[in-house]
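A.B. asks: So I've got this file, final34.txt, and it contains compact mmCIF, C-alpha atoms and all ligand atoms:
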# COMPACT_ATOMS: atom_id res chain seq x y z
CA MET C 950 0.00 0.00 0.00
CA SER C 951 1.48 3.38 -0.97
CA ASN C 952 1.95 6.38 1.32
CA GLU C 953 -0.58 8.26 -0.73
CA ASN C 954 -3.24 5.71 0.12
CA LYS C 955 -2.36 5.93 3.86
CA GLN C 956 -2.76 9.69 3.88
CA SER C 957 -6.11 9.39 2.23
CA LEU C 958 -7.62 7.59 5.31
CA PRO C 959 -8.61 10.35 7.75
CA GLY C 960 -7.72 9.86 11.43
CA VAL C 961 -5.68 6.64 10.99
CA ASN C 962 -2.28 8.12 11.75
CA GLU C 963 -3.43 11.05 13.88
CA LYS C 964 -2.35 11.15 17.54
CA PRO C 965 -5.29 11.41 19.94
CA LYS C 966 -5.80 14.95 21.11
CA ARG C 967 -5.42 15.58 24.83
CA ARG C 968 -8.22 17.62 26.34
CA GLU C 969 -6.76 20.38 28.43
CA MET C 970 -8.49 21.46 31.67
CA SER C 971 -8.73 25.18 32.11
CA ARG C 972 -7.66 26.84 35.34
CA ARG C 973 -11.30 27.79 35.95
CA GLN C 974 -12.45 24.15 35.59
CA PHE C 975 -9.67 22.92 37.87
CA LEU C 976 -10.66 25.40 40.58
CA ALA C 977 -14.35 24.56 40.20
CA TYR C 978 -13.71 20.80 40.58
CA THR C 979 -11.35 21.24 43.52
CA LEU C 980 -13.59 23.65 45.42
CA GLY C 981 -16.68 21.55 44.68
CA GLY C 982 -15.05 18.37 45.96
CA THR C 983 -13.75 20.07 49.09
CA THR C 984 -17.15 21.61 49.83
CA ALA C 985 -18.90 18.25 49.38
CA PHE C 986 -16.37 16.57 51.68
CA LEU C 987 -16.77 19.22 54.41
CA ALA C 988 -20.57 19.17 54.13
CA ALA C 989 -20.69 15.37 54.48
CA GLY C 990 -19.03 15.58 57.93
CA PRO C 991 -22.01 16.94 59.89
CA THR C 992 -24.65 15.73 57.42
CA ILE C 993 -24.04 11.98 57.66
CA PRO C 994 -24.53 11.80 61.46
CA MET C 995 -27.66 13.99 61.11
CA VAL C 996 -29.15 11.69 58.49
CA ARG C 997 -28.25 8.64 60.56
CA PHE C 998 -29.86 10.23 63.65
CA ALA C 999 -33.01 10.94 61.65
CA VAL C 1000 -33.52 7.46 60.21
CA ASP C 1001 -31.86 5.28 62.87
CA PRO C 1002 -35.01 4.58 64.95
CA LEU C 1003 -36.80 3.56 61.76
CA LEU C 1004 -34.10 1.10 60.78
CA ARG C 1005 -33.45 -0.35 64.21
CA LYS C 1006 -35.27 -3.54 65.16
CA LYS C 1007 -37.89 -2.98 67.81
CA ASP C 1008 -36.85 -3.92 71.33
CA GLU C 1009 -40.43 -4.83 72.27
CA ALA C 1010 -39.69 -8.54 71.86
CA ALA C 1011 -36.65 -8.44 74.19
CA MET C 1012 -37.12 -10.71 77.17
CA VAL C 1013 -36.08 -9.46 80.62
CA LYS C 1014 -34.69 -11.74 83.32
CA VAL C 1015 -36.98 -11.27 86.35
CA VAL C 1016 -36.62 -14.02 88.95
CA GLU C 1017 -35.28 -17.51 89.65
CA GLU C 1018 -37.81 -20.16 88.70
CA SER C 1019 -37.31 -21.87 92.10
CA LYS C 1020 -39.02 -18.89 93.77
CA ILE C 1021 -42.24 -19.39 91.79
CA THR C 1022 -45.06 -21.44 93.31
CA THR C 1023 -48.77 -21.88 92.64
CA GLU C 1024 -49.36 -18.85 94.86
CA PRO C 1025 -49.12 -15.57 92.85
CA LYS C 1026 -46.19 -13.36 93.88
CA SER C 1027 -45.55 -9.81 92.76
CA PHE C 1028 -42.22 -8.96 91.11
CA LYS C 1029 -40.94 -5.64 89.79
CA PHE C 1030 -38.56 -5.36 86.86
CA GLN C 1031 -37.22 -2.76 84.46
CA ALA C 1032 -37.39 -3.04 80.69
CA HIS C 1033 -35.55 -0.93 78.15
CA GLN C 1034 -37.99 0.76 75.76
CA VAL C 1035 -37.38 2.61 72.51
CA ASP C 1036 -40.19 4.79 71.24
CA GLY C 1037 -38.96 6.57 68.12
CA TRP C 1038 -36.12 8.78 69.36
CA PHE C 1039 -37.03 8.41 73.04
CA GLU C 1040 -35.41 5.69 75.16
CA SER C 1041 -36.35 4.87 78.75
CA ASP C 1042 -36.19 2.13 81.40
CA PRO C 1043 -39.59 2.16 83.11
CA GLU C 1044 -40.45 -0.20 85.95
CA PHE C 1045 -43.08 -2.88 85.49
CA GLU C 1046 -44.83 -5.27 87.84
CA ALA C 1047 -46.01 -8.82 87.23
CA TRP C 1048 -47.87 -11.41 89.27
CA ILE C 1049 -45.97 -14.62 88.53
CA LEU C 1050 -47.14 -18.14 89.42
CA LYS C 1051 -47.28 -21.75 88.25
CA ASP C 1052 -50.35 -23.68 87.21
CA GLU C 1053 -51.08 -27.21 88.44
CA GLN C 1054 -48.99 -28.68 85.61
CA GLY C 1055 -45.97 -26.59 86.66
CA SER C 1056 -46.11 -24.10 83.77
CA VAL C 1057 -45.05 -20.60 84.71
CA TYR C 1058 -47.28 -17.70 83.72
CA ALA C 1059 -47.43 -14.00 84.60
CA MET C 1060 -50.32 -11.58 84.96
CA SER C 1061 -50.40 -7.84 84.45
CA PRO C 1062 -51.37 -5.96 87.62
CA ILE C 1063 -53.41 -3.42 85.63
CA CYS C 1064 -57.15 -3.71 86.18
CA LYS C 1065 -59.13 -4.01 82.95
CA HIS C 1066 -61.87 -1.79 84.31
CA LEU C 1067 -60.18 1.61 84.51
CA GLY C 1068 -56.53 0.80 85.02
CA CYS C 1069 -55.97 0.75 88.81
CA THR C 1070 -53.52 -1.75 90.31
CA ILE C 1071 -54.85 -5.07 91.51
CA GLY C 1072 -53.68 -7.10 94.52
CA TRP C 1073 -53.79 -10.80 95.38
CA ASN C 1074 -55.83 -12.05 98.34
CA ASN C 1075 -56.47 -8.48 99.43
CA ASP C 1076 -60.19 -8.95 100.10
CA PRO C 1077 -60.84 -11.29 103.07
CA SER C 1078 -64.40 -11.94 101.87
CA THR C 1079 -63.15 -13.48 98.58
CA PRO C 1080 -59.93 -15.44 99.24
CA ASN C 1081 -57.61 -16.59 96.47
CA GLN C 1082 -58.65 -13.89 94.03
CA PHE C 1083 -57.10 -10.78 92.55
CA MET C 1084 -59.07 -7.71 93.63
CA CYS C 1085 -58.96 -4.12 92.46
CA PRO C 1086 -59.53 -1.65 95.32
CA CYS C 1087 -60.86 1.12 93.06
CA HIS C 1088 -64.27 -0.31 92.14
CA ASN C 1089 -64.04 -3.84 93.53
CA ALA C 1090 -63.29 -5.80 90.36
CA HIS C 1091 -62.39 -9.44 91.01
CA TYR C 1092 -60.34 -11.92 88.98
CA ASP C 1093 -59.47 -15.56 89.57
CA LYS C 1094 -55.94 -17.03 89.57
CA ASN C 1095 -55.93 -17.24 85.76
CA GLY C 1096 -56.88 -13.59 85.47
CA LYS C 1097 -60.46 -14.36 84.47
CA ASN C 1098 -62.73 -11.39 85.20
CA LEU C 1099 -65.36 -12.38 87.80
CA MET C 1100 -67.06 -9.03 88.40
CA VAL C 1101 -66.95 -5.33 87.35
CA ALA C 1102 -64.06 -5.62 84.86
CA PRO C 1103 -65.08 -6.19 81.24
CA ALA C 1104 -62.12 -8.43 80.31
CA PRO C 1105 -59.53 -10.78 81.84
CA LEU C 1106 -56.14 -9.54 82.98
CA ASP C 1107 -53.44 -9.34 80.31
CA GLU C 1108 -50.60 -11.85 80.41
CA TYR C 1109 -46.88 -11.33 79.87
CA GLU C 1110 -44.93 -13.36 77.35
CA VAL C 1111 -42.99 -15.85 79.50
CA GLU C 1112 -39.84 -17.85 78.88
CA VAL C 1113 -38.09 -20.10 81.40
CA LYS C 1114 -34.41 -20.55 80.62
CA ASP C 1115 -31.43 -21.75 82.66
CA GLY C 1116 -33.44 -21.64 85.88
CA TYR C 1117 -34.73 -18.08 85.42
CA VAL C 1118 -38.08 -16.60 84.42
CA TYR C 1119 -37.90 -14.05 81.60
CA LEU C 1120 -40.80 -11.75 80.75
CA GLY C 1121 -41.55 -9.98 77.50
CA GLY C 1122 -44.43 -7.88 76.22
CA LEU C 1123 -48.08 -8.07 77.25
CA LYS C 1124 -50.61 -10.12 75.30
CA PRO C 1125 -54.32 -10.86 75.71
CA ASN C 1126 -55.13 -13.43 78.37
CA THR C 1127 -55.01 -17.03 77.15
CA ARG C 1128 -56.30 -18.62 80.37
CA GLY C 1129 -59.20 -16.64 81.73
S1 LIG C 1201 -60.27 0.34 87.97
FE1 LIG C 1201 -60.30 -1.57 88.85
S2 LIG C 1201 -62.35 -1.82 89.39
FE2 LIG C 1201 -62.34 0.06 88.45
For this file, write the structure as structure tokens.
C.D. replies:
Amino acid sequence: MSNENKQSLPGVNEKPKRREMSRRQFLAYTLGGTTAFLAAGPTIPMVRFAVDPLLRKKDEAAMVKVVEESKITTEPKSFKFQAHQVDGWFESDPEFEAWILKDEQGSVYAMSPICKHLGCTIGWNNDPSTPNQFMCPCHNAHYDKNGKNLMVAPAPLDEYEVEVKDGYVYLGGLKPNTRG
């Protein structure tokens, strides 16, 4: 192939042109990058703070160690415990109470102390005229050992989720009564 033919093909022997960056472009890129880097510093923690409670798994299901199983009998006993709660951006460790006992088959269960009438706190065996019952002093609601509502209250006492592990009773969230 002759040299004449080579010259007739446009672009074959041309060196690629290098694109030069102007001083203005260089400054714009550098300042833009620096600004973005500096802005990301405070922004990333702010974004994380804003969405973190939405991404975090709810702690509601966490079980709390409350008492040794050996201390639980068929007679209800009151125990207090603290549970860590996360409500959106607010975290707290409120105190709860549970009436914990065993049924005749030896299964552990736990009752909420909150009366289903208007929310006062019940007691066990606190009315001599009706032994072996939970009684609410506010308007005289009565419940049996399983939390079944006997008078005044419109529903049975709520139950806690219960787990017995390594000799200890763990309690979780409240659920509707399964016994009453
Ligand atoms: S609140 Fe318990 S009986 Fe009314």
A.B. asks: Could you make a table, as CSV, of the residues of chain C that have an atom within 10 Å of an atom of ligand LIG 1201 (chain C), each with its nearest atom pair and distance in Å to one decimal, counting only C-alpha atoms and all ligand atoms, in chain and number order?
C.D. replies:
residue,atom,partner,partner_atom,distance
C:Ile1063,CA,C:LIG1201,FE1,7.8
C:Cys1064,CA,C:LIG1201,FE1,4.7
C:Lys1065,CA,C:LIG1201,FE1,6.5
C:His1066,CA,C:LIG1201,S1,4.5
C:Leu1067,CA,C:LIG1201,S1,3.7
C:Gly1068,CA,C:LIG1201,S1,4.8
C:Cys1069,CA,C:LIG1201,S1,4.4
C:Thr1070,CA,C:LIG1201,FE1,6.9
C:Ile1071,CA,C:LIG1201,FE1,7.0
C:Met1084,CA,C:LIG1201,FE1,7.9
C:Cys1085,CA,C:LIG1201,FE1,4.6
C:Pro1086,CA,C:LIG1201,FE1,6.5
C:Cys1087,CA,C:LIG1201,S2,4.9
C:His1088,CA,C:LIG1201,S2,3.7
C:Asn1089,CA,C:LIG1201,S2,4.9
C:Ala1090,CA,C:LIG1201,S2,4.2
C:His1091,CA,C:LIG1201,S2,7.8
C:Met1100,CA,C:LIG1201,S2,8.7
C:Val1101,CA,C:LIG1201,S2,6.1
C:Ala1102,CA,C:LIG1201,S2,6.2
C:Pro1103,CA,C:LIG1201,S2,9.6
A.B. asks: Just give me the gap between CA of Val1113 in chain C and CA of Val1016 in chain C in Å, one decimal is fine.
C.D. replies: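 Straight-line distance from CA of Val1113 in chain C to CA of Val1016 in chain C works out to 9.8 Å.
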A.B. asks: I'd like to know which of C:Met970, C:Leu1120, C:Leu1106, C:Val1111 is closest to Gln1031 in chain C, using all atoms listed in the file.
C.D. replies: C:Leu1120
A.B. asks: Could you tell me which of C:Phe1030, C:Trp1073, C:Phe1083, C:Phe1039 comes closest to Gly1121 in chain C if we count only C-alpha atoms?
C.D. replies: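 For Gly1121 in chain C, the nearest of the given residues is C:Phe1030.
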A.B. asks: Return the single residue from C:Gly982, C:Gly1037, C:Gly1116, C:Pro1043 that is closest to Ile1021 in chain C, with distances computed using all atoms listed in the file.
C.D. replies: C:Gly1116
A.B. asks: Give the answer as one residue: which of C:Gln1054, C:Asn1095, C:Ser1061, C:Asn1074 has the shortest atom-to-atom distance to Lys1124 in chain C, using only C-alpha atoms?
C.D. replies: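 Selected residue with least distance to Lys1124 in chain C: C:Ser1061.
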A.B. asks: Have a look at CA of Tyr1119 in chain C and CA of Ala1011 in chain C and let me know their distance in Å, one decimal.
C.D. replies: 9.4 Å
A.B. asks: Give me the residues within 9 Å of Asn1081 in chain C as JSON, numbers by chain, counting all atoms listed in the file and dropping any in the same chain fewer than 4 places off.
C.D. replies: {"C": [1024, 1073, 1074, 1075, 1076, 1093, 1094]}
A.B. asks: CA of Asn1098 in chain C and CA of Tyr1117 in chain C, how far apart in Å?
C.D. replies: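 Between these atoms lies a distance of 28.8 Å.
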A.B. asks: List as a list in words the protein and nucleic acid residues near Asn1126 in chain C, meaning an atom at most 7 Å away when all atoms listed in the file are counted, but skip any in the same chain fewer than 6 places from it.
C.D. replies: Pro1105, Leu1106, Asp1107 and Glu1108 of chain C
A.B. asks: Out of C:Glu1018, C:Glu969, C:Glu1040, C:Glu1046, which residue has the shortest atom-to-atom distance to Leu1123 in chain C when counting all atoms listed in the file?
C.D. replies: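 Distance minimum relative to Leu1123 in chain C lands on C:Glu1046.
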